>>> print(open('model.pdb').read())   # PDB, C-alpha atoms
ATOM      1  CA  MET A   2      25.654 105.219 148.800
ATOM      2  CA  VAL A   3      28.372 102.743 149.689
ATOM      3  CA  ASP A   4      28.985 104.515 153.009
ATOM      4  CA  LEU A   5      25.271 104.426 153.771
ATOM      5  CA  LEU A   6      25.044 100.721 153.069
ATOM      6  CA  GLY A   7      28.195 100.077 155.068
ATOM      7  CA  GLY A   8      26.787 101.973 158.032
ATOM      8  CA  MET A   9      23.521 100.048 157.847
ATOM      9  CA  VAL A  10      25.381  96.739 157.726
ATOM     10  CA  ALA A  11      27.565  97.766 160.682
ATOM     11  CA  ASP A  12      24.546  98.858 162.737
ATOM     12  CA  TYR A  13      22.756  95.619 161.927
ATOM     13  CA  ALA A  14      25.813  93.560 162.856
ATOM     14  CA  MET A  15      26.255  95.422 166.160
ATOM     15  CA  GLY A  16      22.571  95.057 166.992
ATOM     16  CA  TYR A  17      22.629  91.356 166.143
ATOM     17  CA  ALA A  18      25.756  90.778 168.239
ATOM     18  CA  GLU A  19      24.271  92.644 171.184
ATOM     19  CA  ASN A  20      20.991  90.736 170.955
ATOM     20  CA  TYR A  21      22.885  87.462 170.658
ATOM     21  CA  VAL A  22      24.997  88.190 173.744
ATOM     22  CA  MET A  23      21.886  89.173 175.718
ATOM     23  CA  SER A  24      20.048  86.019 174.634
ATOM     24  CA  VAL A  25      23.004  83.874 175.671
ATOM     25  CA  LEU A  26      23.189  85.637 179.041
ATOM     26  CA  GLN A  27      19.467  85.147 179.598
ATOM     27  CA  ALA A  28      19.602  81.499 178.543
ATOM     28  CA  TYR A  29      22.465  80.701 180.871
ATOM     29  CA  MET A  30      21.458  83.062 183.663
ATOM     30  CA  TRP A  31      20.656  80.276 186.112
ATOM     31  CA  ILE A  32      24.008  78.641 185.392
ATOM     32  CA  ILE A  33      25.731  81.938 186.115
ATOM     33  CA  VAL A  34      23.761  82.323 189.338
ATOM     34  CA  LEU A  35      24.520  78.740 190.427
ATOM     35  CA  ILE A  36      28.203  79.314 189.819
ATOM     36  CA  SER A  37      27.887  82.491 191.896
ATOM     37  CA  ILE A  38      26.272  80.697 194.872
ATOM     38  CA  PRO A  39      29.524  80.206 196.867
ATOM     39  CA  LEU A  40      30.458  83.841 196.257
ATOM     40  CA  LEU A  41      26.939  84.882 197.180
ATOM     41  CA  ALA A  42      27.058  82.857 200.416
ATOM     42  CA  VAL A  43      30.290  84.578 201.441
ATOM     43  CA  ALA A  44      28.809  87.961 200.541
ATOM     44  CA  ILE A  45      25.687  87.314 202.655
ATOM     45  CA  ALA A  46      27.849  86.282 205.610
ATOM     46  CA  TYR A  47      29.965  89.383 205.098
ATOM     47  CA  CYS A  48      26.918  91.656 204.820
ATOM     48  CA  PHE A  49      24.895  90.374 207.789
ATOM     49  CA  PHE A  50      27.532  88.816 210.076
ATOM     50  CA  GLY A  51      30.603  90.908 209.278
ATOM     51  CA  ILE A  52      31.115  92.126 212.832
ATOM     52  CA  LYS A  53      31.364  88.513 214.029
ATOM     53  CA  ILE A  54      33.742  87.214 211.358
ATOM     54  CA  TYR A  55      35.902  90.176 210.384
ATOM     55  CA  ARG A  56      38.837  89.048 212.523
ATOM     56  CA  VAL A  57      38.722  85.639 210.844
ATOM     57  CA  LEU A  58      38.690  87.424 207.478
ATOM     58  CA  LEU A  59      41.692  89.468 208.585
ATOM     59  CA  VAL A  60      43.530  86.275 209.528
ATOM     60  CA  ILE A  61      42.754  84.758 206.122
ATOM     61  CA  SER A  62      43.920  87.873 204.291
ATOM     62  CA  GLY A  63      47.039  88.027 206.456
ATOM     63  CA  LEU A  64      47.739  84.339 205.887
ATOM     64  CA  PHE A  65      47.455  84.450 202.115
ATOM     65  CA  GLY A  66      48.777  87.980 201.634
ATOM     66  CA  GLY A  67      51.821  87.398 203.820
ATOM     67  CA  GLY A  68      52.245  83.888 202.435
ATOM     68  CA  ILE A  69      52.370  85.101 198.840
ATOM     69  CA  VAL A  70      54.924  87.803 199.653
ATOM     70  CA  GLY A  71      57.016  85.394 201.745
ATOM     71  CA  GLY A  72      56.840  82.707 199.093
ATOM     72  CA  LEU A  73      57.950  85.084 196.342
ATOM     73  CA  LEU A  74      60.834  86.518 198.365
ATOM     74  CA  LEU A  75      62.180  83.222 199.687
ATOM     75  CA  GLY A  76      61.635  81.594 196.321
ATOM     76  CA  LEU A  77      63.725  84.272 194.618
ATOM     77  CA  ILE A  78      66.428  84.064 197.278
ATOM     78  CA  THR A  79      66.718  80.268 197.243
ATOM     79  CA  GLU A  80      65.761  79.902 193.581
ATOM     80  CA  SER A  81      63.718  76.830 194.423
ATOM     81  CA  GLY A  82      60.085  75.806 194.676
ATOM     82  CA  GLY A  83      60.709  74.334 198.116
ATOM     83  CA  GLY A  84      61.942  77.699 199.371
ATOM     84  CA  ALA A  85      58.819  79.369 198.019
ATOM     85  CA  VAL A  86      56.611  76.853 199.859
ATOM     86  CA  VAL A  87      58.540  77.320 203.109
ATOM     87  CA  GLY A  88      58.341  81.102 202.735
ATOM     88  CA  PHE A  89      54.611  80.918 202.086
ATOM     89  CA  LEU A  90      53.982  78.754 205.165
ATOM     90  CA  LEU A  91      56.251  80.637 207.577
ATOM     91  CA  VAL A  92      55.428  84.208 206.602
ATOM     92  CA  GLY A  93      51.767  83.368 206.062
ATOM     93  CA  ALA A  94      51.473  81.782 209.520
ATOM     94  CA  LEU A  95      53.262  84.741 211.110
ATOM     95  CA  MET A  96      51.084  87.340 209.387
ATOM     96  CA  GLY A  97      47.938  85.355 210.140
ATOM     97  CA  ALA A  98      48.812  85.193 213.837
ATOM     98  CA  LEU A  99      49.721  88.878 213.982
ATOM     99  CA  SER A 100      46.490  89.846 212.228
ATOM    100  CA  TRP A 101      44.567  88.072 215.008
ATOM    101  CA  TYR A 102      46.425  89.464 217.999
ATOM    102  CA  ILE A 103      47.091  92.983 216.702
ATOM    103  CA  TYR A 104      44.147  93.179 214.330
ATOM    104  CA  LYS A 105      43.731  96.916 214.766
ATOM    105  CA  VAL A 106      47.139  97.464 213.193
ATOM    106  CA  PHE A 107      45.972  95.494 210.174
ATOM    107  CA  LEU A 108      42.669  97.361 210.132
ATOM    108  CA  PHE A 109      44.617 100.599 210.079
ATOM    109  CA  ILE A 110      46.885  99.384 207.273
ATOM    110  CA  GLN A 111      43.987  98.118 205.151
ATOM    111  CA  THR A 112      41.942 101.263 205.723
ATOM    112  CA  PHE A 113      44.882 103.550 205.061
ATOM    113  CA  PHE A 114      45.883 102.013 201.750
ATOM    114  CA  SER A 115      42.357 101.535 200.414
ATOM    115  CA  SER A 116      41.415 105.115 201.395
ATOM    116  CA  PHE A 117      44.697 106.488 200.088
ATOM    117  CA  PHE A 118      44.416 104.899 196.641
ATOM    118  CA  ALA A 119      40.730 105.806 196.243
ATOM    119  CA  THR A 120      41.339 109.418 197.290
ATOM    120  CA  PHE A 121      44.520 109.667 195.208
ATOM    121  CA  MET A 122      42.759 108.529 192.031
ATOM    122  CA  LEU A 123      39.791 110.845 192.643
ATOM    123  CA  MET A 124      41.942 113.890 193.378
ATOM    124  CA  LEU A 125      44.182 113.105 190.414
ATOM    125  CA  VAL A 126      41.149 113.391 188.154
ATOM    126  CA  LEU A 127      39.990 116.596 189.840
ATOM    127  CA  THR A 128      43.315 118.414 190.342
ATOM    128  CA  LYS A 129      45.559 116.854 187.663
ATOM    129  CA  SER A 130      48.376 117.157 190.206
ATOM    130  CA  PRO A 131      50.057 113.945 191.476
ATOM    131  CA  GLY A 132      51.724 115.822 194.350
ATOM    132  CA  ILE A 133      48.545 117.391 195.717
ATOM    133  CA  SER A 134      46.619 114.164 195.155
ATOM    134  CA  MET A 135      49.217 112.177 197.118
ATOM    135  CA  ILE A 136      49.196 114.613 200.050
ATOM    136  CA  ILE A 137      45.395 114.639 200.263
ATOM    137  CA  GLY A 138      45.327 110.828 199.885
ATOM    138  CA  ILE A 139      47.783 110.376 202.761
ATOM    139  CA  ILE A 140      45.794 112.746 204.991
ATOM    140  CA  VAL A 141      42.493 111.004 204.249
ATOM    141  CA  GLY A 142      44.087 107.564 204.719
ATOM    142  CA  MET A 143      45.609 108.535 208.071
ATOM    143  CA  VAL A 144      42.393 110.111 209.356
ATOM    144  CA  LEU A 145      40.194 107.165 208.367
ATOM    145  CA  GLY A 146      42.808 104.699 209.666
ATOM    146  CA  VAL A 147      42.809 106.364 213.087
ATOM    147  CA  LEU A 148      39.015 106.633 213.132
ATOM    148  CA  ILE A 149      38.567 102.928 212.382
ATOM    149  CA  CYS A 150      40.884 102.080 215.287
ATOM    150  CA  ILE A 151      38.822 104.270 217.642
ATOM    151  CA  TYR A 152      35.379 103.382 216.319
ATOM    152  CA  THR A 153      36.236  99.895 215.144
ATOM    153  CA  LYS A 154      32.851  98.290 215.572
ATOM    154  CA  LEU A 155      30.889 101.011 213.763
ATOM    155  CA  PHE A 156      33.282 101.143 210.810
ATOM    156  CA  VAL A 157      33.474  97.358 210.529
ATOM    157  CA  MET A 158      29.682  97.073 210.454
ATOM    158  CA  ILE A 159      29.411  99.739 207.754
ATOM    159  CA  THR A 160      32.226  98.459 205.540
ATOM    160  CA  THR A 161      31.334  94.767 205.760
ATOM    161  CA  ALA A 162      27.660  95.518 205.088
ATOM    162  CA  TYR A 163      28.606  97.627 202.064
ATOM    163  CA  ARG A 164      31.108  95.139 200.625
ATOM    164  CA  GLY A 165      28.764  92.205 201.034
ATOM    165  CA  ALA A 166      25.876  94.205 199.589
ATOM    166  CA  GLY A 167      28.013  95.083 196.558
ATOM    167  CA  THR A 168      28.470  91.432 195.621
ATOM    168  CA  ILE A 169      24.839  90.551 196.361
ATOM    169  CA  SER A 170      23.532  93.409 194.216
ATOM    170  CA  ASN A 171      25.864  92.512 191.344
ATOM    171  CA  VAL A 172      24.664  88.894 191.300
ATOM    172  CA  PHE A 173      20.923  89.563 191.546
ATOM    173  CA  SER A 174      20.947  92.490 189.144
ATOM    174  CA  LEU A 175      22.185  90.088 186.447
ATOM    175  CA  PHE A 176      18.537  89.123 185.977
ATOM    176  CA  PHE A 177      17.901  92.643 184.682
ATOM    177  CA  ILE A 178      20.997  92.969 182.509
ATOM    178  CA  ALA A 179      18.940  92.790 179.307
ATOM    179  CA  SER A 180      16.699  95.666 180.378
ATOM    180  CA  GLY A 181      17.278  99.340 180.878
ATOM    181  CA  ALA A 182      16.588  98.920 184.598
ATOM    182  CA  TYR A 183      19.895  97.121 185.272
ATOM    183  CA  ARG A 184      21.725 100.077 186.808
ATOM    184  CA  ILE A 185      18.831 101.339 188.924
ATOM    185  CA  VAL A 186      18.113  97.810 190.209
ATOM    186  CA  ASN A 187      21.788  97.388 191.069
ATOM    187  CA  LEU A 188      21.791 100.692 192.950
ATOM    188  CA  LEU A 189      18.573  99.919 194.824
ATOM    189  CA  LEU A 190      19.810  96.463 195.829
ATOM    190  CA  LEU A 191      23.139  97.908 196.952
ATOM    191  CA  ALA A 192      21.437 100.543 199.114
ATOM    192  CA  GLY A 193      18.859  98.104 200.497
ATOM    193  CA  PHE A 194      21.280  95.328 201.421
ATOM    194  CA  THR A 195      23.795  97.796 202.880
ATOM    195  CA  ALA A 196      21.125  99.287 205.147
ATOM    196  CA  GLY A 197      19.712  95.861 206.013
ATOM    197  CA  GLY A 198      23.121  94.352 206.735
ATOM    198  CA  PHE A 199      24.120  97.260 208.942
ATOM    199  CA  TYR A 200      20.816  97.074 210.842
ATOM    200  CA  VAL A 201      21.103  93.326 211.454
ATOM    201  CA  GLN A 202      24.702  93.613 212.675
ATOM    202  CA  LYS A 203      23.872  96.620 214.837
ATOM    203  CA  ARG A 204      20.698  95.091 216.246
ATOM    204  CA  PHE A 205      21.822  91.554 216.975
ATOM    205  CA  PHE A 206      25.617  91.348 216.950
ATOM    206  CA  SER A 207      27.165  94.659 217.922
ATOM    207  CA  GLY A 208      26.880  94.041 221.671
ATOM    208  CA  SER A 209      27.165  97.768 222.345
ATOM    209  CA  TYR A 210      24.843 100.384 223.779
ATOM    210  CA  GLU A 211      23.465 100.982 220.296
ATOM    211  CA  SER A 212      21.810  97.574 220.056
ATOM    212  CA  GLY A 213      19.265  95.453 221.848
ATOM    213  CA  GLU A 214      16.834  96.988 224.244
ATOM    214  CA  ASN A 215      19.165  99.579 225.737
ATOM    215  CA  ARG A 216      17.252 102.807 226.147
ATOM    216  CA  ARG A 217      17.796 106.197 227.703
ATOM    217  CA  ARG A 218      16.842 106.628 231.319
ATOM    218  CA  GLY A 219      13.171 107.212 231.813
ATOM    219  CA  ALA A 220      12.152 105.600 228.535
ATOM    220  CA  SER A 221      10.408 102.732 230.274
ATOM    221  CA  ALA A 222       9.732 101.320 233.689
ATOM    222  CA  VAL A 223      11.815  98.490 235.077
ATOM    223  CA  ILE A 224      10.205  95.169 234.266
ATOM    224  CA  ALA A 225       9.674  92.894 237.216
ATOM    225  CA  GLY A 226      12.357  90.251 237.529
ATOM    226  CA  THR A 227      14.985  92.161 235.535
ATOM    227  CA  CYS A 228      17.974  94.313 236.354
ATOM    228  CA  LYS A 229      19.248  97.430 234.636
ATOM    229  CA  LEU A 230      22.606  99.126 234.729
ATOM    230  CA  VAL A 231      22.064 102.894 234.551
ATOM    231  CA  GLY A 232      24.824 105.283 233.484
ATOM    232  CA  ILE A 233      25.180 108.103 236.003
ATOM    233  CA  GLU A 234      28.400 109.767 234.879
ATOM    234  CA  GLY A 235      30.914 109.310 232.076
ATOM    235  CA  MET A 236      30.471 108.537 228.382
ATOM    236  CA  TYR A 237      27.330 106.424 229.019
ATOM    237  CA  LYS A 238      25.548 108.943 231.195
ATOM    238  CA  GLY A 239      21.813 108.619 230.647
ATOM    239  CA  PHE A 240      21.908 105.130 229.098
ATOM    240  CA  GLU A 241      20.300 101.978 230.452
ATOM    241  CA  PHE A 242      21.565  98.450 229.881
ATOM    242  CA  ASP A 243      19.464  95.349 230.463
ATOM    243  CA  VAL A 244      21.433  92.857 232.549
ATOM    244  CA  GLU A 245      20.301  89.563 231.044
ATOM    245  CA  ASP A 246      22.312  86.842 232.784
ATOM    246  CA  MET A 247      25.626  88.680 232.291
ATOM    247  CA  ILE A 248      26.933  91.965 230.922
ATOM    248  CA  THR A 249      30.618  92.712 230.345
ATOM    249  CA  LEU A 250      32.170  96.179 230.312
ATOM    250  CA  GLY A 251      35.506  97.093 228.741
ATOM    251  CA  ARG A 252      37.395  97.975 225.545
ATOM    252  CA  ASP A 253      37.407  94.554 223.875
ATOM    253  CA  VAL A 254      34.982  94.787 220.957
ATOM    254  CA  ASP A 255      34.655  91.003 220.716
ATOM    255  CA  ASN A 256      34.058  90.083 224.353
ATOM    256  CA  CYS A 257      32.292  93.083 225.876
ATOM    257  CA  ASN A 258      28.690  94.248 225.682
ATOM    258  CA  VAL A 259      29.332  97.829 226.761
ATOM    259  CA  ILE A 260      32.240  99.085 224.661
ATOM    260  CA  PHE A 261      34.643 101.849 225.617
ATOM    261  CA  PRO A 262      37.073 103.348 223.065
ATOM    262  CA  ASP A 263      40.806 102.755 223.424
ATOM    263  CA  THR A 264      41.198 106.448 224.220
ATOM    264  CA  CYS A 265      39.099 106.082 227.380
ATOM    265  CA  ALA A 266      41.678 106.286 230.180
ATOM    266  CA  GLY A 267      41.547 103.860 233.087
ATOM    267  CA  VAL A 268      39.369 101.268 231.334
ATOM    268  CA  SER A 269      40.874  97.836 230.715
ATOM    269  CA  ARG A 270      40.275  95.506 227.793
ATOM    270  CA  ILE A 271      37.841  93.587 230.016
ATOM    271  CA  GLN A 272      37.049  95.754 233.027
ATOM    272  CA  CYS A 273      34.297  93.966 234.939
ATOM    273  CA  GLN A 274      31.276  91.702 234.618
ATOM    274  CA  ILE A 275      27.837  92.028 236.176
ATOM    275  CA  SER A 276      25.701  88.895 236.510
ATOM    276  CA  TYR A 277      22.012  88.510 237.299
ATOM    277  CA  ASN A 278      20.182  85.340 238.344
ATOM    278  CA  ARG A 279      16.525  85.558 237.345
ATOM    279  CA  LYS A 280      15.435  82.684 239.602
ATOM    280  CA  THR A 281      16.917  84.085 242.792
ATOM    281  CA  ARG A 282      16.761  87.706 241.583
ATOM    282  CA  SER A 283      20.298  88.218 242.822
ATOM    283  CA  ALA A 284      23.093  90.169 241.131
ATOM    284  CA  SER A 285      26.866  90.283 241.523
ATOM    285  CA  VAL A 286      29.861  92.140 240.115
ATOM    286  CA  VAL A 287      33.425  90.918 239.549
ATOM    287  CA  ASP A 288      36.555  92.799 238.547
ATOM    288  CA  LYS A 289      38.200  90.919 235.633
ATOM    289  CA  PHE A 290      41.882  91.596 236.355
ATOM    290  CA  SER A 291      41.573  95.270 235.369
ATOM    291  CA  SER A 292      44.679  97.446 235.514
ATOM    292  CA  TYR A 293      43.203 100.312 237.549
ATOM    293  CA  GLY A 294      40.496  98.523 239.478
ATOM    294  CA  THR A 295      36.747  98.761 239.953
ATOM    295  CA  THR A 296      34.981 100.219 242.973
ATOM    296  CA  LEU A 297      31.632  99.258 244.492
ATOM    297  CA  ASN A 298      30.077 102.016 246.603
ATOM    298  CA  GLY A 299      33.537 103.574 246.952
ATOM    299  CA  THR A 300      35.314 100.332 247.948
ATOM    300  CA  LYS A 301      37.814  98.784 245.547
ATOM    301  CA  LEU A 302      36.903  95.255 244.499
ATOM    302  CA  GLU A 303      39.283  92.347 244.869
ATOM    303  CA  ILE A 304      40.380  90.954 241.509
ATOM    304  CA  ASN A 305      38.244  88.082 240.193
ATOM    305  CA  ARG A 306      36.175  87.863 243.383
ATOM    306  CA  PRO A 307      32.402  88.226 242.806
ATOM    307  CA  MET A 308      30.615  90.609 245.151
ATOM    308  CA  PRO A 309      26.821  90.627 245.685
ATOM    309  CA  LEU A 310      24.865  93.627 244.447
ATOM    310  CA  LYS A 311      21.652  95.183 245.659
ATOM    311  CA  ASN A 312      19.344  97.798 244.233
ATOM    312  CA  GLY A 313      20.981 101.241 244.164
ATOM    313  CA  ASP A 314      24.602 100.041 244.375
ATOM    314  CA  VAL A 315      27.088 102.268 242.537
ATOM    315  CA  ILE A 316      29.905 100.872 240.385
ATOM    316  CA  MET A 317      32.753 103.119 239.234
ATOM    317  CA  PHE A 318      35.934 102.718 237.172
ATOM    318  CA  GLY A 319      38.213 104.708 234.904
ATOM    319  CA  GLU A 320      37.859 108.469 234.691
ATOM    320  CA  ASN A 321      34.487 108.971 236.336
ATOM    321  CA  ASN A 322      32.550 106.184 234.600
ATOM    322  CA  VAL A 323      29.748 105.665 237.123
ATOM    323  CA  PHE A 324      26.841 103.201 236.925
ATOM    324  CA  LYS A 325      23.978 102.407 239.304
ATOM    325  CA  LEU A 326      22.176  99.099 239.584
ATOM    326  CA  ASN A 327      18.401  99.315 239.268
ATOM    327  CA  CYS A 328      16.696  96.032 240.166
TER     328      CYS A 328
END
>>> encode(input="model.pdb", output="structure tokens")
Amino acid sequence: MVDLLGGMVADYAMGYAENYVMSVLQAYMWIIVLISIPLLAVAIAYCFFGIKIYRVLLVISGLFGGGIVGGLLLGLITESGGGAVVGFLLVGALMGALSWYIYKVFLFIQTFFSSFFATFMLMLVLTKSPGISMIIGIIVGMVLGVLICIYTKLFVMITTAYRGAGTISNVFSLFFIASGAYRIVNLLLLAGFTAGGFYVQKRFFSGSYESGENRRRGASAVIAGTCKLVGIEGMYKGFEFDVEDMITLGRDVDNCNVIFPDTCAGVSRIQCQISYNRKTRSASVVDKFSSYGTTLNGTKLEINRPMPLKNGDVIMFGENNVFKLNC
């Protein structure tokens, strides 16, 4: 009898405590959301504009990450607060600068360690073997690290959309924390914002052949007063690119519209630019200090000297990357 009464009292107390916590959360929900606004703003920027700001985010992480390590080390060596400050500033500035100029190295490092730890923990649960888990974690980390360096733009769009969506879904699903629908709402918001963020980045900010109005050859007729760059040979064979004012070709993911991977031999960071003047309906091409040169109808272009283009002209560079102008 005593045990029964004790159990009833315990159940009542637990139910009361749970109801009290839920009522407090509901009462102060708007306060929680308001406090979360700065975090939410960053998450929205990350989700929908990640491809445009990820290098800035890398610089910030390099600045603070390197600064903390440098501050701790120099502080321990000098045994002074001033040494810690100097270490933070010097190492932080160095790591911030390096993360801007050699950002792919930092992308590789971040991807490797995050993938390694996630895979290691998962395999440790599945295999119960630290050795096997570590080997598989290293392999997965290396593979994903290399892939993100080759397909940087695609991976950045996916990861930034997912990370931003995670924070957004966590904040908005707080409104459903008192109901049984909390987890399903969180999952639906996560999936929806991830897909939406990736689409927005891909559609408006990727600057690659996957976005905008680029279509395969034959998909539509050339609109009067526009120019198209048509891939004849190479990795963009069969693709069309609308030349709206200017289009830049090369390996630089931040400054080029038509992106080539780093493994594409003979293509420079910024290979060449093609410009089109709608008023005069005239086009031109210029080689932007490329290492191996650009040819126009078989003739090598002079560096940084614009050359006029006409309908049917053929531009070639690298290992058989051939494009034809269709105006």
>>> residues_near_point(input="model.pdb", point="(51.6, 86.3, 205.7)", cutoff="10 Å", atoms="only C-alpha atoms", output="PyMOL selection string")
chain A and resi 60-72+88-100
>>> write_last_selection(input="model.pdb", atoms="C-alpha atoms", output="PDB file, in the frame of the given file")
ATOM      1  CA  VAL A  60      43.530  86.275 209.528  1.00  0.00           C
ATOM      2  CA  ILE A  61      42.754  84.758 206.122  1.00  0.00           C
ATOM      3  CA  SER A  62      43.920  87.873 204.291  1.00  0.00           C
ATOM      4  CA  GLY A  63      47.039  88.027 206.456  1.00  0.00           C
ATOM      5  CA  LEU A  64      47.739  84.339 205.887  1.00  0.00           C
ATOM      6  CA  PHE A  65      47.455  84.450 202.115  1.00  0.00           C
ATOM      7  CA  GLY A  66      48.777  87.980 201.634  1.00  0.00           C
ATOM      8  CA  GLY A  67      51.821  87.398 203.820  1.00  0.00           C
ATOM      9  CA  GLY A  68      52.245  83.888 202.435  1.00  0.00           C
ATOM     10  CA  ILE A  69      52.370  85.101 198.840  1.00  0.00           C
ATOM     11  CA  VAL A  70      54.924  87.803 199.653  1.00  0.00           C
ATOM     12  CA  GLY A  71      57.016  85.394 201.745  1.00  0.00           C
ATOM     13  CA  GLY A  72      56.840  82.707 199.093  1.00  0.00           C
ATOM     14  CA  GLY A  88      58.341  81.102 202.735  1.00  0.00           C
ATOM     15  CA  PHE A  89      54.611  80.918 202.086  1.00  0.00           C
ATOM     16  CA  LEU A  90      53.982  78.754 205.165  1.00  0.00           C
ATOM     17  CA  LEU A  91      56.251  80.637 207.577  1.00  0.00           C
ATOM     18  CA  VAL A  92      55.428  84.208 206.602  1.00  0.00           C
ATOM     19  CA  GLY A  93      51.767  83.368 206.062  1.00  0.00           C
ATOM     20  CA  ALA A  94      51.473  81.782 209.520  1.00  0.00           C
ATOM     21  CA  LEU A  95      53.262  84.741 211.110  1.00  0.00           C
ATOM     22  CA  MET A  96      51.084  87.340 209.387  1.00  0.00           C
ATOM     23  CA  GLY A  97      47.938  85.355 210.140  1.00  0.00           C
ATOM     24  CA  ALA A  98      48.812  85.193 213.837  1.00  0.00           C
ATOM     25  CA  LEU A  99      49.721  88.878 213.982  1.00  0.00           C
ATOM     26  CA  SER A 100      46.490  89.846 212.228  1.00  0.00           C
TER      27      SER A 100
END
>>> resolve_selection(input="model.pdb", expression="the PyMOL selection byres ((chain A and resi 152-166) around 7)", output="list in words")
Ala44, Ile45, Tyr47, Cys48, Phe49, Gly51, Ile52, Leu148, Ile149, Cys150, Ile151, Gly167, Thr168, Ile169, Ser170, Leu191, Phe194, Thr195, Gly198, Phe199, Gln202, Val254 and Pro262 of chain A
>>> atom_distance(input="model.pdb", atom1="atom CA of A:Ile316", atom2="atom CA of A:Thr296")
5.7 Å
>>> atom_distance(input="model.pdb", atom1="atom CA of A:Cys228", atom2="atom CA of A:Asp263")
27.6 Å
>>> resolve_selection(input="model.pdb", expression="the PyMOL selection byres ((chain A and resi 319) around 6)", output="PyMOL selection string")
chain A and resi 267-268+318+320-322
>>> resolve_selection(input="model.pdb", expression="the PyMOL selection byres ((chain A and resi 136) around 12)", output="list in words")
Phe117, Phe118, Thr120, Phe121, Met122, Met124, Leu125, Thr128, Ser130, Pro131, Gly132, Ile133, Ser134, Met135, Ile137, Gly138, Ile139, Ile140, Val141, Gly142 and Met143 of chain A
>>> atom_distance(input="model.pdb", atom1="atom CA of A:Tyr104", atom2="atom CA of A:Ile260")
16.8 Å
>>> residues_around(input="model.pdb", residues="A:Gly84", least_positions_apart="4", cutoff="9 Å", atoms="all atoms listed in the file", output="list in words")
Gly72, Leu73, Leu74, Leu75, Gly76, Leu77, Ile78, Thr79, Glu80, Gly88 and Phe89 of chain A
>>> closest_residue(input="model.pdb", among="A:Ser115, A:Ser37, A:Gln272, A:Asn327", to="A:Glu241", atoms="all atoms listed in the file")
A:Asn327
>>> closest_residue(input="model.pdb", among="A:Thr112, A:Ile38, A:Ile233, A:Cys265", to="A:Met317", atoms="all atoms listed in the file")
A:Ile233
>>> residues_around(input="model.pdb", residues="A:Cys273", least_positions_apart="3", cutoff="12 Å", atoms="only C-alpha atoms", output="PyMOL selection string")
chain A and resi 247-253+256-260+268-270+276+285-297+302-308+316-319
>>> closest_residue(input="model.pdb", among="A:Val323, A:Val86, A:Ala182, A:Val126", to="A:Leu230", atoms="only C-alpha atoms")
A:Val323
